[in-house]
Structure formats: C-alpha cells, structure tokens
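S.K.: If it helps, the file is called query.cif and holds mmCIF, C-alpha atoms and all ligand atoms:
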data_my_file
#
loop_
_atom_site.label_atom_id
_atom_site.label_comp_id
_atom_site.auth_asym_id
_atom_site.auth_seq_id
_atom_site.Cartn_x
_atom_site.Cartn_y
_atom_site.Cartn_z
CA MET Y 1442 190.36 154.63 101.48
CA THR Y 1443 191.30 157.83 99.63
CA LEU Y 1444 189.91 161.25 100.51
CA GLY Y 1445 191.29 163.77 98.07
CA ARG Y 1446 195.06 163.60 98.39
CA MET Y 1447 194.91 162.10 101.84
CA THR Y 1448 195.15 158.35 102.27
CA LEU Y 1449 193.76 156.75 105.38
CA THR Y 1450 195.02 153.41 106.58
CA ALA Y 1451 193.32 151.09 108.99
CA LYS Y 1452 194.43 148.40 111.32
CA PHE Y 1453 193.58 144.73 110.86
CA GLU Y 1454 193.04 142.21 113.62
CA VAL Y 1455 195.78 139.56 113.73
CA LEU Y 1456 194.57 135.94 113.98
CA HIS Y 1457 196.03 133.85 116.82
CA PHE Y 1458 196.98 130.17 116.83
CA PRO Y 1459 195.09 127.75 116.85
CA ASP Y 1460 192.71 129.65 114.56
CA PRO Y 1461 192.15 127.27 111.59
CA ARG Y 1462 192.21 130.23 109.17
CA LEU Y 1463 195.98 130.43 109.74
CA ARG Y 1464 196.18 127.07 107.87
CA LYS Y 1465 194.64 128.33 104.63
CA LYS Y 1466 196.91 128.59 101.59
CA ALA Y 1467 197.05 132.00 99.94
CA VAL Y 1468 196.68 132.37 96.16
CA PRO Y 1469 198.96 134.51 93.97
CA VAL Y 1470 197.88 138.11 93.34
CA GLU Y 1471 196.81 138.29 89.68
CA THR Y 1472 196.44 142.06 89.26
CA ILE Y 1473 198.09 144.64 91.47
CA ASP Y 1474 195.27 147.18 91.72
CA ALA Y 1475 194.29 149.89 94.22
CA HIS Y 1476 192.58 147.31 96.43
CA ILE Y 1477 195.74 145.20 96.73
CA LYS Y 1478 197.81 148.33 97.48
CA ALA Y 1479 195.30 149.40 100.16
CA ILE Y 1480 195.54 145.95 101.78
CA ALA Y 1481 199.35 146.21 101.81
CA ASP Y 1482 199.20 149.69 103.40
CA ASP Y 1483 196.80 148.50 106.08
CA MET Y 1484 199.00 145.46 106.73
CA MET Y 1485 202.01 147.81 107.11
CA GLU Y 1486 200.16 149.90 109.68
CA THR Y 1487 199.10 146.74 111.51
CA MET Y 1488 202.69 145.41 111.55
CA TYR Y 1489 204.11 148.68 112.95
CA ASP Y 1490 201.28 148.97 115.45
CA GLU Y 1491 201.86 145.42 116.71
CA GLY Y 1492 205.64 145.87 116.83
CA GLY Y 1493 206.40 143.04 114.36
CA ILE Y 1494 209.17 142.87 111.76
CA GLY Y 1495 206.88 141.18 109.23
CA LEU Y 1496 203.27 140.30 108.53
CA ALA Y 1497 201.66 137.96 105.99
CA ALA Y 1498 198.14 138.50 104.60
CA THR Y 1499 197.11 135.07 105.96
CA GLN Y 1500 197.52 136.47 109.49
CA VAL Y 1501 194.81 139.05 108.82
CA ASN Y 1502 192.47 136.55 107.14
CA ILE Y 1503 193.29 137.55 103.57
CA GLN Y 1504 194.24 134.56 101.42
CA GLN Y 1505 196.37 136.42 98.87
CA ARG Y 1506 200.15 136.29 98.56
CA ILE Y 1507 201.01 139.67 100.12
CA VAL Y 1508 203.74 140.23 102.74
CA VAL Y 1509 205.06 143.35 104.47
CA ILE Y 1510 208.45 143.47 106.19
CA ASP Y 1511 210.62 146.02 108.00
CA VAL Y 1512 213.71 144.56 109.68
CA SER Y 1513 215.43 147.96 110.07
CA GLU Y 1514 216.44 149.21 113.50
CA ASP Y 1515 214.73 152.57 112.97
CA ARG Y 1516 211.56 150.99 111.52
CA ASP Y 1517 211.86 153.19 108.44
CA ARG Y 1518 212.56 150.66 105.65
CA PRO Y 1519 209.14 149.25 104.75
CA MET Y 1520 209.06 146.50 102.10
CA ILE Y 1521 205.94 145.26 100.31
CA LEU Y 1522 206.38 141.83 98.71
CA ILE Y 1523 203.73 140.57 96.33
CA ASN Y 1524 203.92 136.90 95.27
CA PRO Y 1525 207.27 136.36 97.04
CA GLU Y 1526 209.18 133.17 96.18
CA ILE Y 1527 212.40 131.54 97.34
CA ILE Y 1528 214.49 130.78 94.27
CA ALA Y 1529 217.52 129.23 95.97
CA SER Y 1530 218.79 128.62 99.48
CA GLU Y 1531 222.06 127.63 101.08
CA GLY Y 1532 223.37 126.72 104.51
CA ILE Y 1533 221.54 126.20 107.82
CA GLU Y 1534 221.09 128.75 110.56
CA GLN Y 1535 219.31 128.67 113.90
CA MET Y 1536 217.53 131.76 115.19
CA GLN Y 1537 215.06 132.48 117.95
CA GLU Y 1538 211.71 133.29 116.36
CA GLY Y 1539 208.46 134.77 117.53
CA CYS Y 1540 205.16 135.34 115.75
CA LEU Y 1541 202.36 137.87 116.12
CA SER Y 1542 199.99 134.90 115.71
CA VAL Y 1543 201.59 133.02 118.64
CA PRO Y 1544 201.97 135.89 121.15
CA GLY Y 1545 204.36 135.43 124.06
CA TYR Y 1546 206.12 132.33 122.69
CA TYR Y 1547 209.67 132.31 121.35
CA ASP Y 1548 211.84 129.39 120.28
CA ASP Y 1549 214.77 128.42 118.09
CA VAL Y 1550 214.05 127.39 114.50
CA GLU Y 1551 216.49 126.08 111.89
CA ARG Y 1552 216.16 127.61 108.46
CA ALA Y 1553 218.26 128.25 105.37
CA GLU Y 1554 221.03 130.73 106.13
CA ASN Y 1555 221.18 132.52 102.77
CA ILE Y 1556 218.37 132.81 100.26
CA ARG Y 1557 217.76 134.25 96.83
CA TYR Y 1558 214.17 135.42 96.54
CA SER Y 1559 211.90 137.25 94.10
CA TYR Y 1560 208.74 139.33 94.43
CA LEU Y 1561 206.71 142.04 92.72
CA THR Y 1562 206.63 145.59 94.09
CA PRO Y 1563 203.29 147.49 94.24
CA ASP Y 1564 204.38 149.09 90.93
CA GLY Y 1565 204.58 145.65 89.35
CA GLU Y 1566 208.37 145.63 89.14
CA LYS Y 1567 209.94 142.19 89.52
CA ILE Y 1568 212.77 142.19 92.07
CA GLU Y 1569 215.28 139.40 92.60
CA GLN Y 1570 217.78 139.69 95.45
CA ASP Y 1571 219.77 137.88 98.13
CA ALA Y 1572 219.16 137.92 101.87
CA SER Y 1573 220.93 136.65 104.95
CA GLY Y 1574 220.48 137.11 108.68
CA LEU Y 1575 217.20 138.46 110.04
CA LEU Y 1576 215.77 139.36 106.61
CA SER Y 1577 216.40 135.83 105.33
CA VAL Y 1578 214.64 134.35 108.37
CA CYS Y 1579 211.76 136.81 108.09
CA VAL Y 1580 211.15 136.18 104.36
CA GLN Y 1581 211.08 132.41 105.01
CA HIS Y 1582 208.76 132.86 108.04
CA GLU Y 1583 206.32 135.02 106.03
CA ILE Y 1584 206.23 132.74 102.96
CA ASP Y 1585 205.48 129.86 105.35
CA HIS Y 1586 202.43 131.83 106.60
CA LEU Y 1587 201.18 132.17 103.00
CA ASP Y 1588 201.37 128.36 102.80
CA GLY Y 1589 199.49 127.89 106.09
CA LYS Y 1590 202.61 127.02 108.07
CA LEU Y 1591 203.67 128.40 111.48
CA PHE Y 1592 207.11 128.44 113.10
CA ILE Y 1593 205.81 126.23 115.91
CA ASP Y 1594 205.29 123.46 113.33
CA TYR Y 1595 209.07 122.97 113.42
CA LEU Y 1596 209.20 122.28 117.18
CA SER Y 1597 209.86 118.82 118.59
CA PRO Y 1598 206.69 116.88 119.53
CA LEU Y 1599 207.47 117.42 123.24
CA LYS Y 1600 207.85 121.20 122.93
CA ARG Y 1601 204.75 121.34 120.76
CA GLN Y 1602 202.72 119.43 123.35
CA ARG Y 1603 203.90 121.77 126.12
CA LEU Y 1604 203.02 124.83 124.06
CA LEU Y 1605 199.55 123.49 123.23
CA LYS Y 1606 198.88 122.88 126.96
CA LYS Y 1607 200.04 126.40 127.81
CA ILE Y 1608 197.79 127.95 125.17
CA GLU Y 1609 194.80 125.84 126.27
CA LYS Y 1610 195.31 127.09 129.83
CA GLN Y 1611 195.64 130.71 128.71
CA ASP Y 1612 192.48 130.46 126.61
CA LYS Y 1613 190.54 129.00 129.56
CA LEU Y 1614 191.65 131.88 131.82
CA GLN Y 1615 190.77 134.34 129.06
CA ALA Y 1616 187.30 132.79 128.72
CA GLN Y 1617 186.73 133.34 132.47
CA VAL Y 1618 187.62 137.01 132.16
CA LEU Y 1619 185.34 137.58 129.15
O1 LIG X 1 207.88 140.22 114.68
C1 LIG X 1 208.33 139.13 114.33
N1 LIG X 1 209.59 138.79 114.73
C2 LIG X 1 210.27 137.69 114.24
C3 LIG X 1 211.45 137.31 114.89
C4 LIG X 1 212.18 136.24 114.44
C5 LIG X 1 211.76 135.54 113.32
C6 LIG X 1 210.59 135.89 112.68
C7 LIG X 1 209.86 136.97 113.12
S1 LIG X 1 208.42 137.44 112.28
C8 LIG X 1 207.51 138.19 113.55
C9 LIG X 1 206.26 138.85 113.00
C10 LIG X 1 205.35 137.78 112.42
O2 LIG X 1 204.72 137.03 113.08
N2 LIG X 1 205.36 137.68 111.13
O3 LIG X 1 204.61 136.72 110.55
NI NI X 2 204.48 135.13 112.03
#
When written as structure tokens, how does the structure in this file appear?
M.R.:
Amino acid sequence: MTLGRMTLTAKFEVLHFPDPRLRKKAVPVETIDAHIKAIADDMMETMYDEGGIGLAATQVNIQQRIVVIDVSEDRDRPMILINPEIIASEGIEQMQEGCLSVPGYYDDVERAENIRYSYLTPDGEKIEQDASGLLSVCVQHEIDHLDGKLFIDYLSPLKRQRLLKKIEKQDKLQAQVL
C-alpha cells in the first residue's frame, strides 16, 4: 500500500507442511505491475521477519512465480527474482537444508553444485548469472517450491516416514493446546 511517498509493507502467513496448497504449481508472472512489486516487498518483509534466506510465493499461498532471497551474512543484499529458471547445472553437492514451511526439521539434500539461472528484476530487466554454494542451493530450493516440491521430498522413504510421524504427533499436541 502506498501513502504519499511512504510505502507500507505487511507480513504474510507462511504455510506449513502438509498443507496441500504447498503442492500447487505457480504460473509465470505476465506483467510486472505495482501489485506484483507489492507482493515481492511483503514477501521480503516476511522472509526477514521469519529469519529465512529465501521465500517463494507458493509458501504464502500466491501461485505466481515470485521468489525473494538474501543469503548475505548482514541480511542487506535482498534479491527479487521473477520467473526464475535454471538454464544449466553441473556437479553434485550435499548441504543441510531447512524450510520455513517445515519448521524445526533439517536434513541433507543433494543438489546441483553450480547453476546458471535467469530471472526478471522488478524493473523488467532480464538477468542471467552463475551461482554456487548457498545461493545455488537456495535458488534450486525456491524454484522447487514454485513447482510444488519440498526438500523433504528428496528424503529416503524411512526418513520421510519418521518425519511424517513426528509432524502428526506435533499437530496432535498443538490441537490439544488450541
Ligand atoms: O531459510 C532457509 N534456509 C535454507 C537453508 C538451506 C537450504 C535452503 C534454505 S531455504 C530456507 C527458507 C525457505 O524455506 N525457503 O523456501
Ligand atoms: Ni522452503
């Protein structure tokens, strides 16, 4: 929302697994207008507020291909990625991942080590660049969200079963409290 020169941002609620809305596939943004920019700003605030290094629109129940990322130590390098795509990938790397939509659970995931990816900025500029390390992992993790995929989908059946049991138990306890 804009009031004169001042822009207000708002926080979204982040969906938690096993919410079926996390499985919806996001569609490409066709026109980058004020509404899309406002969504990106609100996603950025939500990401910083929740302490994440990335957030995909799917996680806040918006089925459009919008991602925000900040992998910097000082949390001062915000990136807005519209219609992000992986163009090429190389190598395999294992990293411990977490997800704001699967709070409290962390596990190793194998992904491409180096990627080349493209996206549009909020100004409509097409960017194409390389990433490795944490940024590479984060871009892959966020594009997965836009396709309805979660990092826990890569776990072995045994680990997956254990995690599902744990979440069922947590949800039952939560239901008692509410
Ligand atoms: O905050 C996050 N940390 C993280 C750590 C390792 C690999 C991926 C991530 S992304 C995650 C935020 C999130 O859930 N984004 O969708
Ligand atoms: Ni995530």
S.K.: Extract, using all atoms listed in the file, all DNA, RNA and protein residues at most 12 Å from Y:Asp1460, discarding same-chain residues fewer than 2 positions from it, and format them as a tab-separated table (two decimals) with C-alpha atoms, in the frame of the given file.
M.R.:
chain	number	residue	atom	x	y	z
Y	1455	VAL	CA	195.78	139.56	113.73
Y	1456	LEU	CA	194.57	135.94	113.98
Y	1457	HIS	CA	196.03	133.85	116.82
Y	1458	PHE	CA	196.98	130.17	116.83
Y	1462	ARG	CA	192.21	130.23	109.17
Y	1463	LEU	CA	195.98	130.43	109.74
Y	1464	ARG	CA	196.18	127.07	107.87
Y	1465	LYS	CA	194.64	128.33	104.63
Y	1499	THR	CA	197.11	135.07	105.96
Y	1500	GLN	CA	197.52	136.47	109.49
Y	1501	VAL	CA	194.81	139.05	108.82
Y	1502	ASN	CA	192.47	136.55	107.14
Y	1542	SER	CA	199.99	134.90	115.71
Y	1543	VAL	CA	201.59	133.02	118.64
Y	1589	GLY	CA	199.49	127.89	106.09
Y	1591	LEU	CA	203.67	128.40	111.48
Y	1608	ILE	CA	197.79	127.95	125.17
S.K.: Using all atoms listed in the file, find each residue in chain Y having at least one atom no more than 8 Å away from ligand NI 2 (chain X); report its shortest atom-to-atom pair and that distance in Å (one decimal), rows by chain then rising number, as CSV.
M.R.:
residue,atom,partner,partner_atom,distance
Y:Gly1495,CA,X:NI2,NI,7.1
Y:Leu1496,CA,X:NI2,NI,6.4
Y:Ala1497,CA,X:NI2,NI,7.2
Y:Gln1500,CA,X:NI2,NI,7.5
Y:Gly1539,CA,X:NI2,NI,6.8
Y:Cys1540,CA,X:NI2,NI,3.8
Y:Leu1541,CA,X:NI2,NI,5.4
Y:Ser1542,CA,X:NI2,NI,5.8
Y:Val1543,CA,X:NI2,NI,7.5
Y:His1582,CA,X:NI2,NI,6.3
Y:Glu1583,CA,X:NI2,NI,6.3
Y:His1586,CA,X:NI2,NI,6.7
Y:Leu1591,CA,X:NI2,NI,6.8
Y:Phe1592,CA,X:NI2,NI,7.3
S.K.: Can you tell me, as a VMD selection string, what residues are no more than 12 Å from Y:Glu1514 when counting only C-alpha atoms, ignoring any on the same chain fewer than 4 positions away?
M.R.: chain Y and resid 1492 to 1494 1518 to 1519 1575
S.K.: In Å, rounded to a single decimal, give me how far atom CA of Y:Ile1527 is from atom CA of Y:Gly1565.
M.R.: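 Separation between atom CA of Y:Gly1565 and atom CA of Y:Ile1527: 18.0 Å.
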S.K.: Around all of ligand LIG 1 (chain X)'s listed atoms, make the axis-aligned box with 8 Å on each side and tell me centre and edge lengths in Å to one decimal, as lines of an AutoDock Vina configuration file.
M.R.:
center_x = 208.4
center_y = 137.9
center_z = 112.7
size_x = 23.6
size_y = 20.7
size_z = 20.3
S.K.: Mind checking which residues fall within 8 Å of Y:Tyr1560, counting all atoms listed in the file, ignoring those fewer than 5 positions away in the same chain, and posting them as a count of residues only?
M.R.: 8
S.K.: Between atom CA of Y:Asp1511 and atom CA of Y:Met1488, measure the distance and give it in Å to one decimal.
M.R.: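 Here the two named atoms are 8.7 Å from each other.
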S.K.: Counting all atoms listed in the file, select every polymer residue within 12 Å of (195.2, 137.7, 90.9) as defined in the file's coordinates, and provide the selection as a compact mmCIF listing (two decimals) with C-alpha atoms, in the coordinates of the input.
M.R.:
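Final output, selection-v3.txt:
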# COMPACT_ATOMS: atom_id res chain seq x y z
CA ALA Y 1467 197.05 132.00 99.94
CA VAL Y 1468 196.68 132.37 96.16
CA PRO Y 1469 198.96 134.51 93.97
CA VAL Y 1470 197.88 138.11 93.34
CA GLU Y 1471 196.81 138.29 89.68
CA THR Y 1472 196.44 142.06 89.26
CA ILE Y 1473 198.09 144.64 91.47
CA ASP Y 1474 195.27 147.18 91.72
CA HIS Y 1476 192.58 147.31 96.43
CA ILE Y 1477 195.74 145.20 96.73
CA GLN Y 1504 194.24 134.56 101.42
CA GLN Y 1505 196.37 136.42 98.87
CA ARG Y 1506 200.15 136.29 98.56
CA ILE Y 1507 201.01 139.67 100.12
CA ILE Y 1523 203.73 140.57 96.33
CA ASN Y 1524 203.92 136.90 95.27
S.K.: Using only C-alpha atoms, which of the listed residues (Y:Val1508, Y:Leu1605, Y:Leu1561, Y:Val1618) sits closest to Y:Asp1585?
M.R.: Y:Val1508
S.K.: Hey, can you check how far atom CA of Y:Ala1475 sits from atom CA of Y:Ile1510?
M.R.: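 Atom-to-atom, atom CA of Y:Ala1475 and atom CA of Y:Ile1510 are spaced 19.6 Å apart.
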S.K.: Of the residues Y:Ala1498, Y:Leu1614, Y:Leu1619, Y:Met1520, which is the one nearest to ligand LIG 1 (chain X), using only C-alpha atoms and all ligand atoms?
M.R.: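 The answer is Y:Ala1498, which sits nearest to ligand LIG 1 (chain X).
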S.K.: Would you mind telling me which residue in Y:Lys1466, Y:Pro1544, Y:Ala1481, Y:Gln1535 lies nearest to Y:Lys1452 when using only C-alpha atoms?
M.R.: Y:Ala1481
S.K.: For a quick check of understanding, using only C-alpha atoms and all ligand atoms, which of Y:Thr1448, Y:Gln1537, Y:Ser1530, Y:Thr1487 has the smallest distance to ligand LIG 1 (chain X)?
M.R.: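 Ranking Y:Thr1448, Y:Gln1537, Y:Ser1530, Y:Thr1487 by distance to ligand LIG 1 (chain X), first place goes to Y:Gln1537.
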S.K.: Measuring between all atoms listed in the file, which one of Y:Ile1480, Y:Ala1451, Y:Ile1533, Y:Cys1579 shows the shortest distance to ligand LIG 1 (chain X)?
M.R.: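 For ligand LIG 1 (chain X), the nearest of the given residues is Y:Cys1579.
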S.K.: Give the answer as one residue: which of Y:Glu1534, Y:Glu1491, Y:Asp1517, Y:Asp1594 has the shortest atom-to-atom distance to ligand LIG 1 (chain X), using all atoms listed in the file?
M.R.: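 Looking at the shortest contact to ligand LIG 1 (chain X), the residue is Y:Glu1491.
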S.K.: Got a sec to check which residues sit within 6 Å of (222.0, 127.4, 105.2), counting only C-alpha atoms, and write them as a list in words?
M.R.: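 Residues lying no farther than 6 Å from the given point: Glu1531, Gly1532, Ile1533, Glu1534, Ala1553, Glu1554 and Asn1555 of chain Y.
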